[in-house]
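Reproduced below: protein.cif, with mmCIF, C-alpha atoms.
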data_upload
#
loop_
_atom_site.label_atom_id
_atom_site.label_comp_id
_atom_site.auth_asym_id
_atom_site.auth_seq_id
_atom_site.Cartn_x
_atom_site.Cartn_y
_atom_site.Cartn_z
CA MET A 131 13.81 -126.32 -62.51
CA LYS A 132 13.90 -123.04 -64.47
CA GLY A 133 15.62 -124.91 -67.30
CA ILE A 134 12.98 -127.64 -67.40
CA ILE A 135 10.12 -125.13 -67.48
CA SER A 136 11.70 -123.05 -70.27
CA THR A 137 12.40 -126.21 -72.30
CA LEU A 138 8.82 -127.44 -71.84
CA VAL A 139 7.40 -124.05 -72.84
CA ALA A 140 9.62 -123.96 -75.94
CA ILE A 141 8.61 -127.49 -76.99
CA LEU A 142 4.89 -126.87 -76.37
CA VAL A 143 4.86 -123.55 -78.23
CA GLY A 144 6.82 -125.04 -81.14
CA LEU A 145 4.43 -127.98 -81.41
CA ILE A 146 1.34 -125.73 -81.34
CA VAL A 147 2.74 -123.47 -84.10
CA LEU A 148 3.75 -126.46 -86.24
CA ALA A 149 0.43 -128.24 -85.74
CA GLY A 150 -1.45 -125.00 -86.48
CA TYR A 151 0.37 -124.79 -89.79
CA PHE A 152 -0.54 -128.32 -90.88
CA PHE A 153 -4.05 -128.78 -89.46
CA GLN A 154 -6.78 -126.24 -90.12
CA ILE A 155 -8.49 -126.66 -86.75
CA PRO A 156 -9.91 -123.30 -85.55
CA ILE A 157 -8.55 -123.49 -81.98
CA LEU A 158 -5.08 -124.48 -83.23
CA SER A 159 -5.04 -121.72 -85.87
CA ASP A 160 -6.14 -119.14 -83.27
CA LEU A 161 -3.47 -120.29 -80.82
CA ARG A 162 -0.86 -120.22 -83.57
CA SER A 163 -1.78 -116.65 -84.56
CA LEU A 164 -1.73 -115.56 -80.92
CA ILE A 165 1.71 -117.08 -80.32
CA LEU A 166 3.10 -115.54 -83.51
CA ASP A 167 1.71 -112.14 -82.45
CA TRP A 168 3.47 -112.54 -79.12
CA ALA A 169 6.68 -113.42 -80.97
CA VAL A 170 6.44 -110.25 -83.08
CA THR A 171 5.81 -108.13 -79.94
CA LEU A 172 8.75 -109.80 -78.18
CA ALA A 173 10.95 -109.21 -81.24
CA SER A 174 10.13 -105.48 -81.05
CA LEU A 175 11.01 -105.47 -77.36
CA MET A 176 14.28 -107.23 -78.24
CA VAL A 177 15.22 -104.28 -80.48
CA PHE A 178 14.85 -101.98 -77.48
CA ILE A 179 16.95 -104.34 -75.31
CA GLY A 180 19.51 -104.60 -78.11
CA VAL A 181 19.86 -100.82 -78.33
CA LEU A 182 20.31 -100.70 -74.54
CA ASN A 183 23.07 -103.32 -74.92
CA LEU A 184 24.72 -101.19 -77.61
CA LEU A 185 24.55 -98.13 -75.33
CA SER A 186 25.87 -100.01 -72.30
CA VAL A 187 28.84 -101.55 -74.17
CA ASN A 188 29.85 -98.21 -75.68
CA THR A 189 29.33 -96.24 -72.43
CA ASN A 190 31.62 -98.72 -70.64
CA ARG A 191 34.19 -98.22 -73.38
CA ILE A 192 34.21 -94.47 -72.76
CA LYS A 193 34.22 -94.88 -68.96
CA ASN A 194 37.15 -97.32 -69.02
CA LYS A 195 39.02 -95.11 -71.52
CA GLU A 196 39.43 -98.04 -73.86
CA LYS A 197 40.89 -97.76 -77.36
CA GLY A 198 38.28 -96.37 -79.77
CA GLY A 199 36.37 -94.57 -77.02
CA PHE A 200 35.97 -91.52 -79.26
CA TYR A 201 34.07 -93.58 -81.82
CA SER A 202 31.81 -94.86 -79.06
CA LEU A 203 31.09 -91.25 -78.11
CA VAL A 204 30.21 -90.44 -81.74
CA LEU A 205 27.95 -93.51 -81.85
CA ILE A 206 26.09 -92.63 -78.64
CA THR A 207 25.69 -88.98 -79.66
CA SER A 208 24.37 -89.92 -83.12
CA LEU A 209 22.02 -92.50 -81.63
CA LEU A 210 20.56 -90.05 -79.10
CA VAL A 211 20.28 -87.19 -81.61
CA THR A 212 18.50 -89.43 -84.15
CA LEU A 213 16.23 -90.83 -81.42
CA ILE A 214 15.24 -87.36 -80.17
CA ILE A 215 14.63 -86.02 -83.70
CA GLY A 216 12.62 -89.17 -84.53
CA LEU A 217 10.52 -88.83 -81.37
CA ILE A 218 9.81 -85.15 -82.00
CA PHE A 219 9.24 -85.17 -85.79
CA LYS A 220 8.26 -88.86 -86.35
CA PRO A 221 9.76 -91.08 -89.09
CA GLY A 222 9.16 -89.80 -92.65
CA HIS A 223 9.71 -86.14 -91.66
CA PRO A 224 12.21 -84.24 -93.90
CA ALA A 225 14.63 -84.01 -90.94
CA MET A 226 14.67 -87.80 -90.60
CA ASN A 227 14.93 -88.23 -94.36
CA PHE A 228 17.88 -85.81 -94.31
CA ILE A 229 19.67 -87.94 -91.72
CA PHE A 230 18.99 -91.10 -93.71
CA TYR A 231 19.90 -89.78 -97.17
CA SER A 232 22.83 -87.60 -96.08
CA VAL A 233 24.50 -89.79 -93.47
CA GLN A 234 23.29 -93.38 -93.38
CA LEU A 235 23.00 -94.02 -97.12
CA PRO A 236 26.35 -92.48 -98.19
CA VAL A 237 28.17 -94.30 -95.37
CA GLU A 238 26.64 -97.66 -96.33
CA GLN A 239 27.35 -97.01 -100.03
CA SER A 240 30.97 -96.16 -99.32
CA LEU A 241 31.30 -99.36 -97.30
CA MET A 242 29.85 -101.26 -100.28
CA SER A 243 32.50 -99.68 -102.53
CA LEU A 244 35.16 -100.59 -100.00
CA LEU A 245 33.86 -104.15 -100.07
CA ALA A 246 34.24 -104.25 -103.87
CA VAL A 247 37.94 -103.34 -103.52
CA THR A 248 38.38 -105.80 -100.64
CA LEU A 249 36.87 -108.60 -102.70
CA LEU A 250 39.06 -107.79 -105.67
CA ILE A 251 42.17 -108.07 -103.49
CA ALA A 252 40.80 -111.26 -101.87
CA SER A 253 40.21 -112.80 -105.31
CA ILE A 254 43.77 -111.97 -106.35
CA ASN A 255 45.01 -113.65 -103.15
CA LEU A 256 42.71 -116.66 -103.52
CA LEU A 257 45.16 -118.73 -105.56
CA ARG A 258 47.90 -118.06 -103.02
CA ARG A 259 45.65 -119.00 -100.09
CA GLN A 260 43.92 -122.02 -101.65
CA PRO A 261 45.96 -123.22 -104.61
CA ASN A 262 43.56 -125.89 -105.91
CA LEU A 263 41.35 -126.71 -108.89
CA PHE A 264 38.22 -125.20 -107.30
CA SER A 265 39.91 -121.82 -106.87
CA VAL A 266 40.91 -121.87 -110.55
CA ILE A 267 37.33 -122.73 -111.57
CA PHE A 268 35.96 -120.01 -109.24
CA LEU A 269 38.24 -117.32 -110.67
CA GLY A 270 37.78 -118.50 -114.27
CA THR A 271 33.98 -118.41 -113.91
CA THR A 272 34.09 -114.95 -112.30
CA LEU A 273 36.22 -113.66 -115.16
CA LEU A 274 33.94 -115.14 -117.84
CA ILE A 275 30.79 -113.73 -116.20
CA LEU A 276 32.45 -110.30 -115.89
CA LEU A 277 33.52 -110.38 -119.54
CA GLY A 278 30.03 -111.40 -120.60
CA THR A 279 28.24 -108.79 -118.47
CA ALA A 280 30.49 -105.72 -118.30
CA PRO A 281 29.81 -102.90 -120.79
CA LEU A 282 32.87 -103.02 -123.05
CA PRO A 283 33.90 -100.17 -125.41
CA PHE A 284 33.65 -102.46 -128.45
CA GLY A 285 30.27 -103.98 -127.48
CA LYS A 286 29.39 -107.52 -126.43
CA LEU A 287 31.92 -110.27 -126.91
CA PRO A 288 30.33 -112.59 -129.50
CA PHE A 289 30.61 -116.09 -127.99
CA ILE A 290 31.13 -115.21 -124.32
CA GLY A 291 28.28 -112.68 -124.04
CA ASP A 292 25.65 -114.61 -126.02
CA ILE A 293 26.27 -118.29 -125.30
CA LEU A 294 28.85 -118.95 -122.59
CA ARG A 295 27.72 -116.44 -119.93
CA PRO A 296 24.00 -117.40 -120.11
CA PHE A 297 24.97 -121.10 -120.03
CA ILE A 298 27.17 -120.62 -116.95
CA ALA A 299 24.68 -118.38 -115.14
CA GLN A 300 21.45 -120.17 -116.01
CA VAL A 301 22.55 -123.81 -116.15
CA LEU A 302 25.74 -124.46 -114.19
CA ALA A 303 25.46 -121.75 -111.50
CA ALA A 304 21.68 -122.11 -111.11
CA SER A 305 21.86 -125.88 -110.66
CA GLY A 306 24.76 -125.58 -108.21
CA ALA A 307 22.87 -122.90 -106.27
CA ARG A 308 19.76 -125.10 -106.13
CA GLY A 309 21.85 -127.99 -104.81
CA ILE A 310 23.28 -125.78 -102.05
CA LEU A 311 19.83 -124.40 -101.20
CA ILE A 312 18.35 -127.91 -100.96
CA GLY A 313 21.16 -128.86 -98.57
CA VAL A 314 20.50 -125.73 -96.50
CA ALA A 315 16.74 -126.45 -96.46
CA LEU A 316 17.27 -130.03 -95.22
CA ALA A 317 19.65 -128.80 -92.52
CA THR A 318 17.15 -126.09 -91.54
CA LEU A 319 14.50 -128.78 -91.12
CA THR A 320 16.63 -130.94 -88.83
CA THR A 321 17.84 -127.90 -86.86
CA GLY A 322 14.21 -126.92 -86.26
CA LEU A 323 13.35 -130.45 -85.16
CA ARG A 324 16.29 -130.52 -82.72
CA VAL A 325 15.00 -127.31 -81.10
CA LEU A 326 11.48 -128.74 -81.09
CA PHE A 327 12.67 -131.88 -79.28
CA GLY A 328 14.58 -129.79 -76.75
CA ALA A 329 17.95 -131.23 -77.83
CA ASP A 330 19.18 -127.76 -78.84
CA ARG A 331 18.25 -125.18 -76.24
CA PRO A 332 19.38 -121.77 -77.45
CA TYR A 333 17.93 -120.09 -74.37
CA GLY A 334 20.59 -120.85 -71.81
CA SER A 335 18.93 -123.86 -70.24
CA LYS A 336 21.46 -126.28 -68.67
CA MET B 1227 -2.45 -126.70 -101.67
CA ILE B 1228 -3.69 -129.49 -99.40
CA GLY B 1229 -1.50 -131.96 -101.32
CA SER B 1230 1.67 -129.93 -100.80
CA THR B 1231 0.82 -129.42 -97.11
CA MET B 1232 0.38 -133.17 -96.72
CA ILE B 1233 3.73 -133.82 -98.44
CA ALA B 1234 5.37 -131.28 -96.11
CA LEU B 1235 3.72 -132.95 -93.10
CA ALA B 1236 4.95 -136.36 -94.27
CA ILE B 1237 8.51 -135.04 -94.67
CA VAL B 1238 8.48 -133.37 -91.23
CA ALA B 1239 6.89 -136.39 -89.52
CA GLY B 1240 9.21 -138.83 -91.33
CA SER B 1241 12.28 -136.76 -90.43
CA ALA B 1242 11.14 -136.51 -86.81
CA GLY B 1243 10.67 -140.29 -86.66
CA LEU B 1244 14.07 -140.95 -88.19
CA LEU B 1245 15.70 -138.42 -85.86
CA ILE B 1246 14.27 -140.10 -82.77
CA GLY B 1247 15.04 -143.56 -84.14
CA PHE B 1248 18.69 -142.78 -84.94
CA THR B 1249 19.17 -141.00 -81.61
CA ILE B 1250 18.01 -144.05 -79.70
CA PHE B 1251 19.49 -146.82 -81.83
CA LYS B 1252 22.85 -145.26 -82.71
CA ARG B 1253 23.72 -144.18 -79.19
CA LYS B 1254 26.29 -146.97 -78.68
CA SER B 1255 28.00 -146.63 -82.04
CA PRO B 1256 28.25 -143.03 -83.24
CA PRO B 1257 28.30 -142.81 -87.06
CA LYS B 1258 31.46 -141.71 -88.87
CA PHE B 1259 31.09 -138.53 -90.91
CA ARG B 1260 33.47 -137.14 -93.50
CA GLU B 1261 36.19 -134.90 -92.14
CA ILE B 1262 35.75 -131.15 -92.58
CA PRO B 1263 39.35 -129.83 -92.48
CA ALA B 1264 38.18 -126.30 -91.59
CA VAL B 1265 36.50 -127.57 -88.41
CA THR B 1266 39.59 -129.61 -87.48
CA ARG B 1267 41.65 -126.42 -87.76
CA LEU B 1268 39.01 -124.58 -85.73
CA GLN B 1269 39.46 -127.06 -82.89
CA LYS B 1270 43.22 -126.40 -82.93
CA ALA B 1271 42.62 -122.63 -83.02
CA VAL B 1272 40.30 -122.90 -80.00
CA ALA B 1273 42.93 -124.88 -78.07
CA TRP B 1274 45.60 -122.29 -78.92
CA ALA B 1275 43.33 -119.42 -77.92
CA VAL B 1276 42.79 -120.98 -74.49
CA GLU B 1277 46.50 -121.72 -74.02
CA ASP B 1278 47.66 -118.26 -75.13
CA GLY B 1279 45.07 -116.45 -73.02
CA ASN B 1280 43.42 -114.99 -76.09
CA ARG B 1281 39.76 -114.70 -76.95
CA LEU B 1282 37.37 -116.36 -79.33
CA HIS B 1283 34.97 -114.19 -81.25
CA VAL B 1284 31.77 -115.78 -82.46
CA SER B 1285 29.63 -113.70 -84.79
CA LEU B 1286 26.07 -114.91 -85.29
CA GLY B 1287 24.94 -112.81 -88.23
CA ARG B 1288 21.63 -111.10 -88.77
CA GLY B 1289 19.18 -113.99 -89.07
CA ASN B 1290 15.85 -112.84 -87.69
CA LEU B 1291 14.52 -115.62 -85.45
CA THR B 1292 10.98 -115.22 -86.77
CA SER B 1293 12.13 -115.68 -90.38
CA THR B 1294 13.58 -118.59 -92.36
CA GLN B 1295 17.08 -117.26 -91.64
CA GLY B 1296 16.45 -118.03 -87.96
CA ALA B 1297 17.72 -121.60 -88.37
CA ALA B 1298 21.19 -120.32 -89.34
CA GLY B 1299 21.19 -118.21 -86.17
CA LEU B 1300 20.11 -121.23 -84.11
CA ALA B 1301 22.92 -123.31 -85.63
CA GLY B 1302 25.35 -120.52 -84.70
CA LEU B 1303 23.96 -120.41 -81.15
CA SER B 1304 24.35 -124.17 -80.83
CA ALA B 1305 28.01 -123.91 -81.89
CA LEU B 1306 28.48 -120.92 -79.54
CA LYS B 1307 27.18 -123.00 -76.65
CA ASN B 1308 29.71 -125.77 -77.37
CA LEU B 1309 32.56 -123.28 -77.83
CA ALA B 1310 31.61 -121.41 -74.64
CA ASP B 1311 31.56 -124.71 -72.74
CA LEU B 1312 35.12 -125.38 -73.96
CA THR B 1313 36.55 -121.91 -73.26
CA SER B 1314 34.57 -120.39 -70.38
CA THR B 1315 37.30 -121.12 -67.84
CA SER B 1316 40.08 -119.50 -69.90
CA ASP B 1317 41.56 -116.13 -68.90
CA ARG B 1318 39.44 -114.29 -71.40
CA THR B 1319 35.86 -115.36 -72.02
CA PRO B 1320 34.63 -115.48 -75.62
CA ILE B 1321 32.81 -112.56 -77.23
CA ALA B 1322 29.64 -112.97 -79.28
CA THR B 1323 28.44 -110.34 -81.70
CA SER B 1324 25.25 -110.24 -83.74
CA GLY B 1325 23.21 -107.92 -85.90
CA GLU B 1326 19.84 -109.08 -84.63
CA PRO B 1327 18.67 -108.16 -81.11
CA GLY B 1328 17.00 -111.54 -80.48
CA LEU B 1329 20.28 -113.33 -81.21
CA THR B 1330 22.12 -110.94 -78.87
CA VAL B 1331 19.82 -111.73 -75.95
CA LEU B 1332 20.00 -115.48 -76.63
CA SER B 1333 23.79 -115.45 -77.02
CA GLN B 1334 24.06 -113.62 -73.69
CA ASP B 1335 21.88 -116.28 -72.07
CA VAL B 1336 23.82 -119.18 -73.62
CA MET B 1337 27.22 -117.76 -72.64
CA GLN B 1338 26.08 -116.89 -69.13
CA THR B 1339 24.83 -120.45 -68.58
CA SER B 1340 28.12 -121.94 -69.83
CA TYR B 1341 30.18 -119.54 -67.72
CA GLN B 1342 28.20 -120.14 -64.55
CA LYS B 1343 28.29 -123.90 -65.11
CA ALA B 1344 32.08 -123.77 -65.51
CA THR B 1345 32.76 -121.42 -62.59
CA GLY B 1346 30.10 -122.61 -60.17
CA GLY B 1347 27.92 -119.49 -60.46
CA GLY B 1348 30.58 -116.80 -61.00
CA HIS B 1349 29.70 -113.27 -62.11
CA PHE B 1350 29.32 -113.13 -65.88
CA ASP B 1351 30.16 -109.94 -67.76
CA THR B 1352 27.05 -109.44 -69.91
CA SER B 1353 28.94 -107.14 -72.29
CA ALA B 1354 30.53 -110.29 -73.76
CA ALA B 1355 27.41 -110.62 -75.93
CA ARG B 1356 26.95 -107.54 -78.07
CA LEU B 1357 24.68 -106.07 -80.67
CA SER B 1358 27.11 -104.52 -83.16
CA GLY B 1359 24.61 -102.84 -85.47
CA LEU B 1360 21.14 -103.18 -86.92
CA THR B 1361 21.80 -102.78 -90.66
CA PRO B 1362 24.16 -105.07 -92.65
CA PHE B 1363 27.03 -102.63 -92.94
CA SER B 1364 26.60 -101.05 -89.48
CA TYR B 1365 26.77 -104.60 -88.09
CA ALA B 1366 29.98 -105.29 -90.01
CA SER B 1367 31.58 -101.96 -89.14
CA GLY B 1368 30.54 -102.33 -85.48
CA THR B 1369 32.21 -105.74 -85.34
CA LEU B 1370 35.52 -104.65 -86.89
CA PRO B 1371 36.87 -102.72 -83.84
CA MET B 1372 36.16 -105.72 -81.60
CA MET B 1373 38.11 -107.99 -83.91
CA ARG B 1374 41.02 -105.57 -83.66
CA ASP B 1375 41.04 -104.44 -80.01
CA GLU B 1376 39.89 -107.37 -77.89
CA HIS B 1377 42.82 -109.85 -78.09
CA ILE B 1378 40.96 -112.07 -80.52
CA SER B 1379 42.93 -114.98 -81.93
CA ALA B 1380 40.08 -116.88 -83.60
CA ASN B 1381 36.95 -115.58 -85.31
CA ILE B 1382 34.01 -117.84 -86.06
CA LEU B 1383 31.29 -116.38 -88.28
CA LEU B 1384 28.30 -118.72 -88.17
CA GLY B 1385 24.85 -117.53 -89.12
CA SER B 1386 23.00 -115.55 -91.73
CA PHE B 1387 25.37 -113.00 -93.25
CA GLY B 1388 25.17 -111.02 -96.42
CA VAL B 1389 28.08 -109.82 -98.55
CA GLU B 1390 29.11 -107.49 -95.70
CA ALA B 1391 30.90 -110.53 -94.20
CA GLY B 1392 33.69 -109.74 -96.69
CA LEU B 1393 34.69 -106.74 -94.53
CA MET B 1394 35.00 -108.98 -91.48
CA THR B 1395 37.11 -111.58 -93.27
CA ASP B 1396 39.43 -108.80 -94.42
CA ALA B 1397 39.74 -107.52 -90.83
CA ALA B 1398 40.64 -111.01 -89.58
CA ASP B 1399 43.21 -111.31 -92.36
CA ARG B 1400 44.82 -108.03 -91.32
CA GLN B 1401 44.96 -109.15 -87.68
CA LYS B 1402 46.42 -112.48 -88.80
CA SER B 1403 43.82 -114.24 -86.68
CA PHE B 1404 42.08 -117.50 -87.54
CA LEU B 1405 38.73 -117.20 -89.31
CA LEU B 1406 36.11 -119.81 -90.06
CA ALA B 1407 33.01 -118.52 -91.83
CA ALA B 1408 29.69 -119.92 -93.00
CA SER B 1409 26.42 -118.38 -94.09
CA ASP B 1410 23.08 -119.63 -95.39
CA ASN B 1411 23.05 -116.82 -97.97
CA LEU B 1412 24.32 -117.73 -101.48
CA PRO B 1413 26.03 -114.43 -102.44
CA ALA B 1414 27.68 -114.40 -99.00
CA GLN B 1415 28.97 -117.95 -99.57
CA ALA B 1416 30.62 -116.80 -102.79
CA VAL B 1417 32.17 -113.83 -100.97
CA LEU B 1418 33.36 -116.06 -98.13
CA TYR B 1419 34.81 -118.61 -100.54
CA ALA B 1420 36.91 -115.88 -102.11
CA SER B 1421 37.93 -114.08 -98.93
CA ALA B 1422 37.76 -116.33 -95.85
CA GLN B 1423 40.61 -118.52 -94.63
CA GLU B 1424 38.28 -121.39 -93.79
CA PRO B 1425 34.97 -121.11 -95.65
CA LEU B 1426 32.18 -123.63 -95.14
CA ILE B 1427 29.70 -124.24 -97.94
CA GLY B 1428 25.97 -124.97 -97.75
CA GLU B 1429 24.76 -127.22 -94.98
CA GLU B 1430 28.23 -127.48 -93.38
CA LEU B 1431 27.16 -124.45 -91.33
CA TYR B 1432 24.62 -126.62 -89.51
CA ALA B 1433 27.10 -129.45 -88.89
CA VAL B 1434 29.73 -127.43 -86.98
CA SER B 1435 28.09 -128.01 -83.62
CA GLU B 1436 28.20 -131.81 -84.03
CA TYR B 1437 31.83 -131.73 -85.17
CA ILE B 1438 32.88 -129.61 -82.15
CA ASN B 1439 31.06 -131.65 -79.56
CA HIS B 1440 29.45 -134.95 -80.45
CA SER B 1441 25.89 -135.57 -79.28
CA PRO B 1442 23.57 -138.40 -80.38
CA MET B 1443 20.82 -136.03 -81.56
CA HIS B 1444 23.22 -133.93 -83.66
CA ALA B 1445 24.75 -137.05 -85.19
CA ALA B 1446 21.26 -138.38 -85.92
CA SER B 1447 20.28 -135.12 -87.61
CA LEU B 1448 23.27 -135.42 -89.97
CA SER B 1449 22.24 -139.01 -90.81
CA VAL B 1450 18.65 -137.87 -91.45
CA GLN B 1451 19.92 -135.14 -93.79
CA ASP B 1452 21.92 -137.73 -95.74
CA ILE B 1453 18.86 -139.98 -96.08
CA LEU B 1454 16.61 -137.10 -97.18
CA ARG B 1455 19.26 -136.01 -99.69
CA TRP B 1456 19.32 -139.50 -101.25
CA ILE B 1457 15.52 -139.60 -101.38
CA LEU B 1458 15.54 -136.26 -103.18
CA ILE B 1459 18.23 -137.38 -105.63
CA ILE B 1460 16.31 -140.57 -106.47
CA SER B 1461 13.03 -138.63 -106.80
CA MET B 1462 14.64 -136.11 -109.15
CA LEU B 1463 16.18 -138.83 -111.31
CA LEU B 1464 12.90 -140.77 -111.41
CA GLY B 1465 11.04 -137.58 -112.31
CA ALA B 1466 13.47 -136.85 -115.13
CA ILE B 1467 13.16 -140.44 -116.48
CA LEU B 1468 9.35 -140.34 -116.31
CA LYS B 1469 9.31 -136.96 -118.04
CA LEU B 1470 11.63 -138.28 -120.76
CA GLY B 1471 9.38 -141.30 -121.20
CA GLY B 1472 6.33 -139.03 -121.56
CA PHE B 1473 4.61 -140.31 -118.41
CA LEU B 1474 4.56 -136.88 -116.69
#
Turn the structure described in the file into structure tokens.
Amino acid sequence: MKGIISTLVAILVGLIVLAGYFFQIPILSDLRSLILDWAVTLASLMVFIGVLNLLSVNTNRIKNKEKGGFYSLVLITSLLVTLIIGLIFKPGHPAMNFIFYSVQLPVEQSLMSLLAVTLLIASINLLRRQPNLFSVIFLGTTLLILLGTAPLPFGKLPFIGDILRPFIAQVLAASGARGILIGVALATLTTGLRVLFGADRPYGSK
Amino acid sequence: MIGSTMIALAIVAGSAGLLIGFTIFKRKSPPKFREIPAVTRLQKAVAWAVEDGNRLHVSLGRGNLTSTQGAAGLAGLSALKNLADLTSTSDRTPIATSGEPGLTVLSQDVMQTSYQKATGGGHFDTSAARLSGLTPFSYASGTLPMMRDEHISANILLGSFGVEAGLMTDAADRQKSFLLAASDNLPAQAVLYASAQEPLIGEELYAVSEYINHSPMHAASLSVQDILRWILIISMLLGAILKLGGFL
């Protein structure tokens, strides 16, 4: 019964929002705005529930003396300290900015640098993992784009920098990217319709 | 503005009609789709995980459900449901991670339903669905320890990921565990192509659910996508010819 009700609510709400988008009827537009406002409020509440989930998972890790429990302790301490400072001083205060610019930003930037190294190694291993024509094209294109973009000590490479790189980036890559995006958009449409018809029920209904 | 809204309405209504039509009329003879080798290997990896008493890890990305990336998250949830149905009775239940709180709550709900259906209402450990982090790199770094410490033999990354997914593919590589990855984000697809064992490109992300567990509506949605794709191709070619001829 619970499943039927939640499915019906999901279908009805989806139809109202969709109809409100296509037809400019005042009552439909008002309902659509109201439902979207509720969705935004619920999404904010979800953040709170998500943080509770994060706390619960990491607390259990410490309690059960699982591997990596120390890192969970660091995570919980940092979370609580940041929360308390944020509640006292409010976001935008120099103390909060200090936490963001001295801890969060450097950590994320170092992970980005780590990712650059990881990707370099992955690209070297690509031909071993997938020895096919597409891998060769992928690596060849990457190399040409790098050669055409990177600041070289002797300046731009004449043909690669002026003609080949723009042609690859603006014609070949852009058209390929558009093709992929069109495919994704069509799949997004049918995924949305499946949810609207109640065929996909991502809310646990049996 | 009104013209483009009407075209959008026609596309949505036409797709809806086709979807219903194919679901009803193709029920007795499911259509044959091209094989996706990565998904075939995923099915084997799932079977091995159940036999060996290992876990599956499904990561759903950071697609906010109120944004356009939400559809990628929904596709991931649909695949999670099918995977949870297949593996809920194994020794170790699957783990789902996400970087968006809404996805975490929904993944918990989906897995709990599958588990209770399989065990006749058994107690579900809600910590199996986790929020690993709220920013791209905190999400990736929060997921890495789980991939290492939780007896994971197969990782499935399905959803909206950014380039941070490269860190997760590297972790799976180090653990020598299976990894299938797909994202709706273009830079992430390039990263996954270079680094993932089994990358999926473009709309293949949305087809995984149908390939794991056939259902008439999922099969119909793939057929509708094919039809819409052909309509678009023909429209583009016609447009180019008309433009060349000076009619547009």
Kindly give the distance, in Å, that separates atom CA of A:Leu274 and atom CA of A:Ser253, rounded to a single decimal.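 Atom CA of A:Ser253 lies 14.2 Å from atom CA of A:Leu274.
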Residues of chain B within 6 Å of chain A, counting all atoms listed in the file, as an mmCIF file with C-alpha atoms, keeping the file's coordinate frame:
data_model
loop_
_atom_site.group_PDB
_atom_site.id
_atom_site.type_symbol
_atom_site.label_atom_id
_atom_site.label_comp_id
_atom_site.auth_asym_id
_atom_site.auth_seq_id
_atom_site.Cartn_x
_atom_site.Cartn_y
_atom_site.Cartn_z
ATOM 1 C CA ALA B 1297 17.720 -121.600 -88.370
ATOM 2 C CA PRO B 1327 18.670 -108.160 -81.110
ATOM 3 C CA GLY B 1328 17.000 -111.540 -80.480
ATOM 4 C CA LEU B 1332 20.000 -115.480 -76.630
ATOM 5 C CA ASP B 1335 21.880 -116.280 -72.070
ATOM 6 C CA VAL B 1336 23.820 -119.180 -73.620
ATOM 7 C CA THR B 1339 24.830 -120.450 -68.580
ATOM 8 C CA SER B 1353 28.940 -107.140 -72.290
ATOM 9 C CA LEU B 1357 24.680 -106.070 -80.670
ATOM 10 C CA ALA B 1420 36.910 -115.880 -102.110
ATOM 11 C CA SER B 1421 37.930 -114.080 -98.930
ATOM 12 C CA GLY B 1428 25.970 -124.970 -97.750
ATOM 13 C CA GLU B 1429 24.760 -127.220 -94.980
ATOM 14 C CA SER B 1447 20.280 -135.120 -87.610
ATOM 15 C CA GLN B 1451 19.920 -135.140 -93.790
#
Give me the residues within 8 Å of A:Ile192 as a CSV table (one decimal) with C-alpha atoms, keeping the file's coordinate frame, counting all atoms listed in the file and dropping any in the same chain fewer than 6 places off.
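Dumped everything to part_21.csv:
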chain,number,residue,atom,x,y,z
A,199,GLY,CA,36.4,-94.6,-77.0
A,200,PHE,CA,36.0,-91.5,-79.3
A,202,SER,CA,31.8,-94.9,-79.1
A,203,LEU,CA,31.1,-91.2,-78.1
With the file shown as input, list the residues that the PyMOL selection byres ((chain B and resi 1377) around 12) selects, as a compact mmCIF listing (two decimals) with C-alpha atoms, keeping the file's coordinate frame.
# COMPACT_ATOMS: atom_id res chain seq x y z
CA ALA B 1275 43.33 -119.42 -77.92
CA VAL B 1276 42.79 -120.98 -74.49
CA ASP B 1278 47.66 -118.26 -75.13
CA GLY B 1279 45.07 -116.45 -73.02
CA ASN B 1280 43.42 -114.99 -76.09
CA ARG B 1281 39.76 -114.70 -76.95
CA LEU B 1282 37.37 -116.36 -79.33
CA HIS B 1283 34.97 -114.19 -81.25
CA ASP B 1317 41.56 -116.13 -68.90
CA ARG B 1318 39.44 -114.29 -71.40
CA THR B 1319 35.86 -115.36 -72.02
CA PRO B 1320 34.63 -115.48 -75.62
CA ILE B 1321 32.81 -112.56 -77.23
CA PRO B 1371 36.87 -102.72 -83.84
CA MET B 1372 36.16 -105.72 -81.60
CA MET B 1373 38.11 -107.99 -83.91
CA ARG B 1374 41.02 -105.57 -83.66
CA ASP B 1375 41.04 -104.44 -80.01
CA GLU B 1376 39.89 -107.37 -77.89
CA ILE B 1378 40.96 -112.07 -80.52
CA SER B 1379 42.93 -114.98 -81.93
CA ALA B 1380 40.08 -116.88 -83.60
CA ASN B 1381 36.95 -115.58 -85.31
CA ALA B 1398 40.64 -111.01 -89.58
CA GLN B 1401 44.96 -109.15 -87.68
CA LYS B 1402 46.42 -112.48 -88.80
CA SER B 1403 43.82 -114.24 -86.68
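Here, the PyMOL selection byres ((chain A and resi 303) around 12) matches Ile267, Phe268, Thr271, Thr272, Ile275, Leu294, Arg295, Pro296, Phe297, Ile298, Ala299, Gln300, Val301, Leu302, Ala304, Ser305, Gly306, Ala307, Arg308, Gly309 and Ile310 of chain A; Leu1412, Pro1413 and Ala1416 of chain B.
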Quick one, how far is atom CA of B:Val1434 from atom CA of B:Leu1235?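 Interatomic distance, atom CA of B:Val1434 to atom CA of B:Leu1235: 27.3 Å.
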Could you work out how far atom CA of B:Thr1315 lies from atom CA of B:Gly1347, giving the answer in Å with one decimal?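 Answer for the atom CA of B:Gly1347 to atom CA of B:Thr1315 separation: 12.0 Å.
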